[in-house]
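*Asks:* Data: model.txt, compact mmCIF, C-alpha atoms.
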# COMPACT_ATOMS: atom_id res chain seq x y z
CA MET A 239 10.26 -10.39 -33.72
CA GLU A 240 11.27 -11.00 -30.14
CA ARG A 241 14.95 -10.94 -29.22
CA GLY A 242 16.16 -13.45 -26.71
CA ARG A 243 19.20 -15.33 -25.68
CA ALA A 244 20.39 -18.34 -27.60
CA GLN A 245 19.69 -21.56 -25.73
CA PRO A 246 22.66 -23.86 -25.17
CA PRO A 247 22.63 -26.98 -27.33
CA ARG A 248 21.87 -30.41 -25.86
CA TYR A 249 25.29 -31.70 -26.91
CA ALA A 250 28.75 -30.17 -27.09
CA LEU A 251 30.65 -29.30 -30.26
CA GLN A 252 34.41 -28.82 -30.22
CA LEU A 253 36.02 -26.44 -32.70
CA THR A 254 39.75 -26.83 -33.32
CA ALA A 255 41.81 -24.32 -35.33
CA THR A 256 44.43 -26.08 -37.46
CA GLY A 257 46.82 -23.12 -37.60
CA THR A 258 47.11 -22.65 -33.84
CA GLY A 259 45.84 -25.87 -32.31
CA ALA A 260 43.51 -23.80 -30.11
CA ALA A 261 40.22 -25.52 -29.30
CA TRP A 262 36.87 -24.27 -28.02
CA THR A 263 33.89 -26.24 -26.79
CA TYR A 264 30.33 -24.99 -27.30
CA GLY A 265 27.67 -26.75 -25.26
CA PRO A 266 27.52 -28.88 -22.13
CA GLY A 267 29.57 -31.97 -21.36
CA THR A 268 32.03 -33.89 -23.46
CA PRO A 269 31.93 -32.98 -27.17
CA VAL A 270 30.09 -35.48 -29.36
CA VAL A 271 31.59 -34.00 -32.52
CA THR A 272 34.81 -32.16 -33.37
CA LEU A 273 35.12 -29.79 -36.30
CA THR A 274 38.68 -28.94 -37.34
CA ALA A 275 39.62 -26.22 -39.84
CA PRO A 276 41.60 -23.00 -40.16
CA ALA A 277 40.33 -20.43 -37.61
CA GLU A 278 39.14 -18.11 -40.39
CA ASP A 279 36.97 -20.84 -41.91
CA LEU A 280 35.54 -21.80 -38.50
CA LEU A 281 34.49 -18.18 -37.91
CA LEU A 282 32.99 -17.87 -41.39
CA LEU A 283 31.02 -21.08 -40.84
CA LEU A 284 29.72 -19.97 -37.43
CA TRP A 285 28.53 -16.65 -38.87
CA GLY A 286 26.86 -18.39 -41.82
CA ARG A 287 29.26 -16.88 -44.36
CA LEU A 288 30.39 -20.17 -45.89
CA PRO A 289 28.05 -22.12 -48.09
CA ALA A 290 27.68 -25.49 -46.41
CA GLU A 291 25.23 -28.33 -46.66
CA GLY A 292 23.20 -27.97 -43.47
CA ARG A 293 25.85 -25.53 -42.20
CA LEU A 294 28.29 -28.41 -41.81
CA PRO A 295 30.87 -28.41 -44.60
CA ALA A 296 30.99 -31.19 -47.13
CA GLU A 297 34.07 -33.35 -47.26
CA GLY A 298 36.69 -31.91 -49.57
CA ARG A 299 36.79 -28.50 -47.92
CA ALA A 300 39.50 -27.70 -45.41
CA PHE A 301 37.19 -29.03 -42.66
CA ALA A 302 37.51 -32.33 -40.85
CA CYS A 303 34.56 -33.65 -38.88
CA ASP A 304 34.98 -36.42 -36.31
CA GLY A 305 32.12 -37.84 -34.29
CA ASP A 306 28.36 -37.49 -34.57
CA ARG A 307 27.94 -35.46 -37.78
CA GLN A 308 24.16 -35.26 -37.37
CA ALA A 309 24.46 -33.78 -33.87
CA GLY A 310 26.98 -31.29 -35.25
CA ARG A 311 24.46 -30.17 -37.88
CA ARG A 312 21.76 -29.71 -35.24
CA ILE A 313 24.09 -27.61 -33.07
CA LEU A 314 25.11 -25.38 -35.98
CA GLU A 315 21.54 -24.99 -37.23
CA GLY A 316 20.39 -23.59 -33.88
CA PRO A 317 20.81 -19.94 -33.00
CA LEU A 318 24.40 -19.37 -31.93
CA THR A 319 24.03 -15.71 -30.95
CA ALA A 320 21.28 -13.66 -29.36
Represent the supplied structure as C-alpha cells.
*Replies:*
Amino acid sequence: MERGRAQPPRYALQLTATGTGAAWTYGPGTPVVTLTAPAEDLLLLLWGRLPAEGRLPAEGRAFACDGDRQAGRRILEGPLTA
C-alpha cells in the first residue's frame, strides 16, 4: 500500500465545538456544510471512532448539521490524514 498525502476536498466543511464556540474549516472556500457538536465528539467522528451513518451522525445525537449534508458525507468519507 502506498502512503501519500490526503487530497483537499472540493468543498469546505466547518466544524464548530459547542463547549467553546471554536470553529475550524477544512477545505477550500466558504463552507457548504457546518457540523456542530462537543469538541470530543467532533474528534471521535473525524478519527472514525463514532458509529455514524456514512460517517455523518444521524439526527438525535449531539450533532447538528446545517447545509449540504451530502457534501459533508463526501468530505468525511475521504481520507482526512496521510
*Asks:* Compile the contact shell of Pro269 (chain A) as a VMD selection string: residues with an atom at most 8 Å away, counting all atoms listed in the file, same-chain residues fewer than 6 positions apart removed.
*Replies:* chain A and resid 249 to 252 263
*Asks:* Using only C-alpha atoms, can you tell me which of A:Ala244, A:Leu284, A:Val270, A:Ala275 comes closest to Pro317 (chain A)?
*Replies:*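 So, comparing all the options, the nearest one is A:Ala244.
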*Asks:* Do you know which residues are at most 10 Å from Gly259 (chain A) counting only C-alpha atoms, after dropping those on the same chain fewer than 4 positions away, and could you put them as a list of chain:residue names?
*Replies:*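 Near Gly259 (chain A), the qualifying residues are A:Leu253, A:Thr254, A:Ala255, A:Thr274, A:Ala275, A:Pro276, A:Ala277.
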*Asks:* Output the selection as a tab-separated table (two decimals), in the coordinates of the input - C-alpha atoms for each residue.
*Replies:*
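Okay, this is what ended up in result_13.tsv:
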chain	number	residue	atom	x	y	z
A	253	LEU	CA	36.02	-26.44	-32.70
A	254	THR	CA	39.75	-26.83	-33.32
A	255	ALA	CA	41.81	-24.32	-35.33
A	274	THR	CA	38.68	-28.94	-37.34
A	275	ALA	CA	39.62	-26.22	-39.84
A	276	PRO	CA	41.60	-23.00	-40.16
A	277	ALA	CA	40.33	-20.43	-37.61
*Asks:* Please determine an axis-aligned box that encloses all atoms of region 254-268 of chain A listed in the file, with 6 Å added on each side, and express its centre and edge lengths in Å to one decimal as AutoDock Vina command-line options.
*Replies:*
--center_x 37.3 --center_y -28.3 --center_z -29.5 --size_x 31.6 --size_y 23.2 --size_z 28.2
*Asks:* Which is closer to Cys303 (chain A) than all the others in A:Asp279, A:Leu318, A:Trp285, A:Thr272, using only C-alpha atoms?
*Replies:*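 Distance minimum relative to Cys303 (chain A) lands on A:Thr272.
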*Asks:* Would you mind telling me which residue in A:Phe301, A:Thr258, A:Leu280, A:Pro266 lies nearest to Pro246 (chain A) when using only C-alpha atoms?
*Replies:*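 With only C-alpha atoms as the atom set, the closest residue is A:Pro266.
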*Asks:* Which value, in Å to one decimal, gives the distance between CA of Glu278 (chain A) and CA of Glu315 (chain A)?
*Replies:*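 Interatomic distance here is 19.2 Å.
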*Asks:* CA of Ala261 (chain A) to CA of Asp306 (chain A): how many Å, to one decimal?
*Replies:*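 Between CA of Ala261 (chain A) and CA of Asp306 (chain A) the gap works out to 17.7 Å.
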*Asks:* Just how far from CA of Leu314 (chain A) is CA of Thr256 (chain A), in Å to one decimal?
*Replies:*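 It comes out at 19.4 Å.
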*Asks:* Of the candidates A:Ala300, A:Ala260, A:Val271, A:Ile313, which shows the shortest atom-to-atom distance to Leu288 (chain A), using only C-alpha atoms?
*Replies:* A:Ala300
*Asks:* From the coordinates supplied, region 274-289 of chain A should be written with all heavy atoms, as a short mmCIF file (atom, residue, chain, number, x, y, z; two decimals), in the first residue's frame.
*Replies:*
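Contents of selection.cif, as written:
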data_model
loop_
_atom_site.label_atom_id
_atom_site.label_comp_id
_atom_site.auth_asym_id
_atom_site.auth_seq_id
_atom_site.Cartn_x
_atom_site.Cartn_y
_atom_site.Cartn_z
N THR A 274 -21.87 20.85 14.03
CA THR A 274 -21.71 21.39 15.37
C THR A 274 -21.93 20.30 16.40
O THR A 274 -22.92 19.57 16.32
CB THR A 274 -22.72 22.54 15.60
OG1 THR A 274 -22.55 23.51 14.57
CG2 THR A 274 -22.52 23.20 16.95
N ALA A 275 -21.00 20.19 17.35
CA ALA A 275 -21.08 19.17 18.40
C ALA A 275 -20.03 19.49 19.46
O ALA A 275 -19.17 20.35 19.24
CB ALA A 275 -20.81 17.79 17.81
N PRO A 276 -20.08 18.78 20.59
CA PRO A 276 -18.98 18.92 21.55
C PRO A 276 -17.65 18.55 20.89
O PRO A 276 -17.60 17.66 20.02
CB PRO A 276 -19.35 17.93 22.65
CG PRO A 276 -20.84 17.79 22.56
CD PRO A 276 -21.14 17.89 21.09
N ALA A 277 -16.57 19.23 21.27
CA ALA A 277 -15.26 19.00 20.66
C ALA A 277 -14.86 17.53 20.71
O ALA A 277 -14.33 16.99 19.73
CB ALA A 277 -14.21 19.87 21.34
N GLU A 278 -15.11 16.87 21.82
CA GLU A 278 -14.76 15.46 21.95
C GLU A 278 -15.45 14.61 20.88
O GLU A 278 -14.83 13.76 20.25
CB GLU A 278 -15.15 14.95 23.34
CG GLU A 278 -14.87 13.48 23.55
CD GLU A 278 -15.31 13.00 24.92
OE1 GLU A 278 -15.70 13.80 25.77
OE2 GLU A 278 -15.25 11.77 25.12
N ASP A 279 -16.73 14.87 20.65
CA ASP A 279 -17.47 14.10 19.64
C ASP A 279 -16.99 14.41 18.23
O ASP A 279 -16.93 13.52 17.38
CB ASP A 279 -18.97 14.37 19.76
CG ASP A 279 -19.57 13.75 21.01
OD1 ASP A 279 -18.93 12.85 21.60
OD2 ASP A 279 -20.67 14.18 21.40
N LEU A 280 -16.62 15.68 17.97
CA LEU A 280 -16.08 16.02 16.65
C LEU A 280 -14.79 15.24 16.38
O LEU A 280 -14.59 14.69 15.29
CB LEU A 280 -15.82 17.52 16.55
CG LEU A 280 -17.05 18.41 16.49
CD1 LEU A 280 -16.65 19.88 16.60
CD2 LEU A 280 -17.85 18.17 15.22
N LEU A 281 -13.91 15.19 17.38
CA LEU A 281 -12.65 14.45 17.22
C LEU A 281 -12.89 12.96 17.02
O LEU A 281 -12.28 12.33 16.17
CB LEU A 281 -11.73 14.69 18.42
CG LEU A 281 -11.13 16.08 18.49
CD1 LEU A 281 -10.42 16.28 19.82
CD2 LEU A 281 -10.18 16.32 17.33
N LEU A 282 -13.80 12.40 17.80
CA LEU A 282 -14.12 10.98 17.65
C LEU A 282 -14.68 10.69 16.26
O LEU A 282 -14.35 9.68 15.64
CB LEU A 282 -15.10 10.53 18.73
CG LEU A 282 -14.54 10.47 20.14
CD1 LEU A 282 -15.66 10.21 21.15
CD2 LEU A 282 -13.46 9.40 20.27
N LEU A 283 -15.52 11.56 15.76
CA LEU A 283 -16.08 11.39 14.42
C LEU A 283 -14.98 11.45 13.36
O LEU A 283 -14.91 10.60 12.47
CB LEU A 283 -17.12 12.47 14.14
CG LEU A 283 -17.72 12.43 12.73
CD1 LEU A 283 -18.61 11.21 12.56
CD2 LEU A 283 -18.48 13.70 12.45
N LEU A 284 -14.10 12.45 13.46
CA LEU A 284 -13.04 12.61 12.47
C LEU A 284 -12.08 11.42 12.44
O LEU A 284 -11.55 11.07 11.39
CB LEU A 284 -12.27 13.90 12.73
CG LEU A 284 -13.05 15.18 12.47
CD1 LEU A 284 -12.25 16.38 12.93
CD2 LEU A 284 -13.41 15.30 11.00
N TRP A 285 -11.86 10.79 13.58
CA TRP A 285 -10.98 9.64 13.65
C TRP A 285 -11.72 8.33 13.44
O TRP A 285 -11.14 7.26 13.59
CB TRP A 285 -10.21 9.63 14.98
CG TRP A 285 -9.10 10.63 14.95
CD1 TRP A 285 -9.12 11.88 15.50
CD2 TRP A 285 -7.84 10.49 14.30
NE1 TRP A 285 -7.92 12.52 15.22
CE2 TRP A 285 -7.12 11.69 14.50
CE3 TRP A 285 -7.24 9.47 13.57
CZ2 TRP A 285 -5.85 11.88 13.99
CZ3 TRP A 285 -5.96 9.67 13.06
CH2 TRP A 285 -5.28 10.87 13.28
N GLY A 286 -13.00 8.41 13.09
CA GLY A 286 -13.77 7.20 12.79
C GLY A 286 -14.10 6.37 14.02
O GLY A 286 -14.30 5.17 13.92
N ARG A 287 -14.14 6.99 15.19
CA ARG A 287 -14.39 6.27 16.44
C ARG A 287 -15.85 6.31 16.88
O ARG A 287 -16.20 5.69 17.86
CB ARG A 287 -13.52 6.83 17.57
CG ARG A 287 -12.05 6.76 17.29
CD ARG A 287 -11.58 5.31 17.27
NE ARG A 287 -10.14 5.23 17.27
CZ ARG A 287 -9.43 4.66 16.31
NH1 ARG A 287 -10.04 4.13 15.28
NH2 ARG A 287 -8.13 4.62 16.39
N LEU A 288 -16.67 7.07 16.18
CA LEU A 288 -18.10 7.09 16.47
C LEU A 288 -18.83 6.37 15.37
O LEU A 288 -18.56 6.62 14.19
CB LEU A 288 -18.63 8.53 16.53
CG LEU A 288 -18.47 9.29 17.81
CD1 LEU A 288 -19.09 10.68 17.67
CD2 LEU A 288 -19.12 8.58 18.97
N PRO A 289 -19.74 5.49 15.73
CA PRO A 289 -20.54 4.87 14.67
C PRO A 289 -21.46 5.93 14.09
O PRO A 289 -22.14 6.64 14.81
CB PRO A 289 -21.34 3.79 15.42
CG PRO A 289 -21.37 4.23 16.83
CD PRO A 289 -20.12 5.04 17.05
#
